[in-house]
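> Sharing input-v9.cif (mmCIF, C-alpha atoms) below.
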```cif
data_entry
#
loop_
_atom_site.label_atom_id
_atom_site.label_comp_id
_atom_site.auth_asym_id
_atom_site.auth_seq_id
_atom_site.Cartn_x
_atom_site.Cartn_y
_atom_site.Cartn_z
CA MET L 1 0.00 0.00 0.00
CA GLN L 2 1.21 3.51 -0.74
CA CYS L 3 1.41 6.57 1.51
CA GLU L 4 -0.71 9.42 0.14
CA VAL L 5 1.78 12.08 1.32
CA CYS L 6 5.28 10.77 0.58
CA GLY L 7 4.38 7.96 -1.86
CA ARG L 8 6.41 5.23 -0.11
CA GLU L 9 5.29 1.62 -0.29
CA VAL L 10 4.53 0.41 3.27
CA ARG L 11 2.64 -2.45 4.87
CA GLU L 12 0.75 -0.41 7.46
CA LEU L 13 -1.07 2.87 6.91
CA LYS L 14 -2.74 5.20 9.38
CA LYS L 15 -5.72 7.37 8.64
CA VAL L 16 -5.07 10.97 9.68
CA MET L 17 -6.79 14.31 9.24
CA LEU L 18 -4.36 16.69 7.51
CA ASP L 19 -5.61 20.22 6.78
CA GLY L 20 -9.22 19.02 6.89
CA THR L 21 -8.64 16.09 4.53
CA PRO L 22 -8.58 12.45 5.63
CA LEU L 23 -5.49 10.71 4.22
CA MET L 24 -3.93 7.25 4.44
CA VAL L 25 -0.30 7.85 5.44
CA CYS L 26 2.76 5.99 6.71
CA SER L 27 3.85 6.26 10.35
CA ASP L 28 6.49 8.89 9.47
CA CYS L 29 3.95 11.21 7.79
CA ALA L 30 1.31 10.61 10.50
CA LYS L 31 3.05 13.20 12.72
CA TYR L 32 1.88 16.00 10.37
CA GLY L 33 -1.81 15.37 11.08
CA LYS L 34 -4.21 14.12 13.73
CA GLU L 35 -4.84 10.37 13.75
CA ILE L 36 -8.53 9.60 13.32
CA TYR L 37 -8.68 5.81 12.90
CA GLU L 38 -6.76 2.72 13.76
CA VAL L 39 -4.00 1.18 11.65
CA VAL L 40 -5.04 -0.29 8.31
CA GLN L 41 -3.02 -3.33 7.24
CA GLU L 42 -2.50 -4.71 3.78
CA PRO L 43 -4.39 -7.96 3.22
CA LYS L 44 -2.11 -10.94 3.67
CA ARG L 45 -3.46 -13.10 0.89
CA ILE L 46 -5.18 -12.30 -2.38
CA ILE L 47 -7.58 -14.94 -3.62
CA THR L 48 -7.46 -15.37 -7.38
CA PRO L 49 -10.13 -17.13 -9.42
CA PRO L 50 -9.27 -20.54 -10.83
CA ARG L 51 -7.55 -20.54 -14.20
CA VAL L 52 -9.68 -21.36 -17.20
CA ARG L 53 -8.34 -23.04 -20.30
CA ARG L 54 -8.56 -21.13 -23.58
CA GLU L 55 -10.71 -23.81 -25.16
CA GLU L 56 -13.36 -23.27 -22.49
CA ILE L 57 -13.32 -19.51 -22.97
CA LYS L 58 -13.83 -19.83 -26.70
CA ARG L 59 -16.79 -22.13 -26.21
CA ARG L 60 -18.43 -19.85 -23.65
CA ARG L 61 -18.28 -16.63 -25.64
CA PRO L 62 -21.04 -16.13 -28.16
CA ARG L 63 -19.81 -15.23 -31.61
CA ARG L 64 -19.94 -11.45 -31.90
CA GLU L 65 -21.09 -10.33 -35.26
CA ARG L 66 -19.97 -7.01 -36.60
CA LEU L 67 -22.58 -4.33 -37.17
CA GLU L 68 -21.04 -3.66 -40.59
CA ASP L 69 -22.34 -7.07 -41.71
CA TYR L 70 -25.94 -5.86 -41.43
CA GLU L 71 -28.14 -3.28 -43.07
CA ILE L 72 -31.66 -1.93 -42.63
CA VAL L 73 -34.30 -3.15 -45.09
CA GLU L 74 -35.50 -0.62 -47.68
CA ASP L 75 -39.15 -0.54 -46.59
CA TYR L 76 -38.33 -0.16 -42.89
CA HIS L 77 -40.70 2.79 -42.39
CA MET L 78 -43.74 0.88 -43.68
CA ARG L 79 -42.90 -2.21 -41.62
CA ILE L 80 -42.55 -0.14 -38.44
CA ARG L 81 -45.84 1.70 -38.99
CA ARG L 82 -47.73 -1.54 -39.78
CA GLY L 83 -46.20 -3.29 -36.76
CA ARG L 84 -47.12 -0.41 -34.46
CA GLU L 85 -50.67 -0.18 -35.81
CA ARG L 86 -51.09 -3.95 -35.54
CA LEU L 87 -50.29 -3.70 -31.81
CA GLY L 88 -52.61 -0.70 -31.48
CA ILE L 89 -50.06 1.60 -29.85
CA THR L 90 -49.23 5.24 -30.54
CA GLN L 91 -45.89 6.64 -31.65
CA GLU L 92 -45.48 8.07 -28.15
CA GLU L 93 -46.00 4.65 -26.52
CA LEU L 94 -43.56 3.01 -28.94
CA ALA L 95 -41.00 5.73 -28.25
CA LYS L 96 -41.23 5.06 -24.50
CA LYS L 97 -40.81 1.32 -25.01
CA VAL L 98 -37.62 1.73 -27.06
CA MET L 99 -36.42 4.69 -24.96
CA GLU L 100 -36.34 7.21 -27.82
CA LYS L 101 -38.04 10.53 -28.46
CA GLU L 102 -41.44 10.54 -30.14
CA SER L 103 -40.04 12.82 -32.87
CA VAL L 104 -37.45 10.15 -33.76
CA ILE L 105 -40.19 7.53 -34.22
CA HIS L 106 -42.23 10.02 -36.26
CA ARG L 107 -39.27 10.77 -38.57
CA ILE L 108 -38.47 7.06 -38.95
CA GLU L 109 -42.08 6.22 -39.89
CA ALA L 110 -42.09 9.10 -42.37
CA GLY L 111 -38.95 7.66 -44.00
CA ARG L 112 -36.87 10.77 -43.28
CA LEU L 113 -34.58 9.02 -40.77
CA THR L 114 -32.97 5.61 -41.05
CA PRO L 115 -32.67 3.95 -37.63
CA SER L 116 -29.33 2.72 -36.37
CA ILE L 117 -28.79 -1.04 -36.13
CA LYS L 118 -29.12 -0.78 -32.34
CA LEU L 119 -32.46 1.06 -32.55
CA ALA L 120 -33.66 -1.28 -35.30
CA LYS L 121 -33.02 -4.27 -33.01
CA LYS L 122 -35.10 -2.63 -30.26
CA LEU L 123 -37.92 -1.95 -32.73
CA GLU L 124 -37.77 -5.54 -34.02
CA ARG L 125 -38.10 -6.87 -30.49
CA GLU L 126 -40.99 -4.58 -29.52
CA LEU L 127 -42.97 -4.87 -32.77
CA GLY L 128 -42.18 -8.46 -33.71
CA ILE L 129 -40.95 -7.54 -37.20
CA ARG L 130 -37.74 -7.91 -39.25
CA LEU L 131 -35.84 -4.72 -40.04
CA ILE L 132 -32.25 -5.95 -40.24
CA GLU L 133 -30.79 -8.26 -42.83
CA ARG L 134 -27.32 -9.57 -43.36
CA ILE L 135 -25.50 -7.93 -46.27
CA GLY L 136 -25.54 -10.32 -49.21
CA GLU L 137 -28.55 -12.20 -47.86
CA GLU L 138 -30.88 -10.72 -50.44
CA GLU L 139 -32.58 -13.21 -52.70
CA PHE L 140 -32.37 -12.45 -56.37
CA GLU L 141 -35.19 -13.54 -58.57
CA LEU L 142 -33.90 -14.38 -62.01
CA GLU L 143 -36.07 -14.50 -65.04
CA GLU L 144 -35.89 -17.56 -67.26
CA GLU L 145 -33.99 -15.61 -69.91
CA GLU L 146 -31.13 -15.05 -67.47
CA LEU L 147 -30.74 -18.75 -66.63
CA GLU L 148 -28.19 -19.61 -69.30
CA LEU L 149 -25.34 -22.01 -68.66
CA THR L 150 -21.84 -20.62 -68.60
CA LEU L 151 -18.45 -22.31 -68.85
CA GLY L 152 -18.01 -21.87 -65.08
CA ASP L 153 -21.20 -23.87 -64.45
CA VAL L 154 -19.95 -26.85 -66.44
CA ALA L 155 -16.15 -26.97 -66.14
CA GLU L 156 -14.25 -28.42 -63.19
CA VAL L 157 -11.04 -26.61 -62.32
CA LYS L 158 -8.11 -28.77 -61.28
CA LYS L 159 -5.41 -27.21 -59.12
CA ARG L 160 -1.73 -27.94 -59.70
CA GLU L 161 0.08 -29.67 -56.89
#
```
Take the structure I supplied and represent it as structure tokens, if you would.


Amino acid sequence: MQCEVCGREVRELKKVMLDGTPLMVCSDCAKYGKEIYEVVQEPKRIITPPRVRREEIKRRRPRRERLEDYEIVEDYHMRIRRGRERLGITQEELAKKVMEKESVIHRIEAGRLTPSIKLAKKLERELGIRLIERIGEEEFELEEEELELTLGDVAEVKKRE
């Protein structure tokens, strides 16, 4: 433990009042103030938690996905309005549930403000709708004219060893 006046490392500190301020000081510096409490001793033993193997840590942690991997759907404002109306709640009530201002909800429903991923997750949970999709998860509908075979569809590429 360290003296708050001289900075020395000592085992025992005393609590003294020095110029109206309580300080933890060594016995040498205690003479400059008035002792107000008994001696405080450093704990003899520090208990450390048991060591955990790395394999266990990796299994315990959920896989954190980056926010950059997600985006808000294009028709978010319509989905939010329909979800809110389906539940029969006002913009003010929805704002309180997701801890946002009513004006933010109003601007989002009007399509003038795109919600953050964090806010979109709150809205999804409260309204029971999907607003976030993984980038590249979009399904492309191809017309029959576009379904032509290419060389890459037929050929097998062999790698040199």

> For this structure, which residues satisfy the selection - the PyMOL selection byres ((chain L and resi 124) around 12) - when it is evaluated on the file as given? I want them as an mmCIF file with C-alpha atoms, keeping the file's coordinate frame.


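The result, stored in part-v2.cif:
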```cif
data_model
loop_
_atom_site.group_PDB
_atom_site.id
_atom_site.type_symbol
_atom_site.label_atom_id
_atom_site.label_comp_id
_atom_site.auth_asym_id
_atom_site.auth_seq_id
_atom_site.Cartn_x
_atom_site.Cartn_y
_atom_site.Cartn_z
ATOM 1 C CA ILE L 72 -31.660 -1.930 -42.630
ATOM 2 C CA VAL L 73 -34.300 -3.150 -45.090
ATOM 3 C CA TYR L 76 -38.330 -0.160 -42.890
ATOM 4 C CA ARG L 79 -42.900 -2.210 -41.620
ATOM 5 C CA ILE L 80 -42.550 -0.140 -38.440
ATOM 6 C CA ARG L 81 -45.840 1.700 -38.990
ATOM 7 C CA GLY L 83 -46.200 -3.290 -36.760
ATOM 8 C CA ARG L 84 -47.120 -0.410 -34.460
ATOM 9 C CA LEU L 94 -43.560 3.010 -28.940
ATOM 10 C CA LYS L 97 -40.810 1.320 -25.010
ATOM 11 C CA VAL L 98 -37.620 1.730 -27.060
ATOM 12 C CA PRO L 115 -32.670 3.950 -37.630
ATOM 13 C CA ILE L 117 -28.790 -1.040 -36.130
ATOM 14 C CA LYS L 118 -29.120 -0.780 -32.340
ATOM 15 C CA LEU L 119 -32.460 1.060 -32.550
ATOM 16 C CA ALA L 120 -33.660 -1.280 -35.300
ATOM 17 C CA LYS L 121 -33.020 -4.270 -33.010
ATOM 18 C CA LYS L 122 -35.100 -2.630 -30.260
ATOM 19 C CA LEU L 123 -37.920 -1.950 -32.730
ATOM 20 C CA ARG L 125 -38.100 -6.870 -30.490
ATOM 21 C CA GLU L 126 -40.990 -4.580 -29.520
ATOM 22 C CA LEU L 127 -42.970 -4.870 -32.770
ATOM 23 C CA GLY L 128 -42.180 -8.460 -33.710
ATOM 24 C CA ILE L 129 -40.950 -7.540 -37.200
ATOM 25 C CA ARG L 130 -37.740 -7.910 -39.250
ATOM 26 C CA LEU L 131 -35.840 -4.720 -40.040
ATOM 27 C CA ILE L 132 -32.250 -5.950 -40.240
ATOM 28 C CA GLU L 133 -30.790 -8.260 -42.830
#
```

> On this file, the PyMOL selection byres ((chain L and resi 6) around 9) gives some set of residues; write that set as a ChimeraX atom specification.

/L:2-5,7-8,25-26,29

> Run through the PyMOL selection byres ((chain L and resi 16-23) around 7) on the given coordinates and return the selected residues as a list in words.

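Taken over the shown coordinates, the PyMOL selection byres ((chain L and resi 16-23) around 7) returns Glu4, Lys14, Lys15, Met24, Val25, Ala30, Tyr32, Gly33, Lys34, Glu35 and Ile36 of chain L.
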
> Could you state the separation of atom CA of L:Glu12 and atom CA of L:Ser27 in Å, given to one decimal place?

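Result for atom CA of L:Glu12 versus atom CA of L:Ser27: 7.9 Å, one decimal.
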
> Could you please determine the separation between atom CA of L:Glu71 and atom CA of L:Glu109 in Å, to one decimal place?

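A separation of 17.2 Å between them.
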
> To one decimal place, how far is atom CA of L:Leu113 from atom CA of L:Glu74 in Å?

11.9 Å

> To test the calculation: enclose all listed atoms of stretch 21-32 of chain L in a box whose edges run along x, y and z, add 5 Å on each side, then state centre and edge lengths in Å to one decimal, as AutoDock Vina command-line options.


```
--center_x -1.1 --center_y 11.0 --center_z 8.5 --size_x 25.1 --size_y 20.1 --size_z 18.5
```

> Just want the 8 Å neighbourhood of L:Met1, counted on all atoms listed in the file, with same-chain residues fewer than 3 positions away dropped. Output as a ChimeraX atom specification.

/L:9-13,42
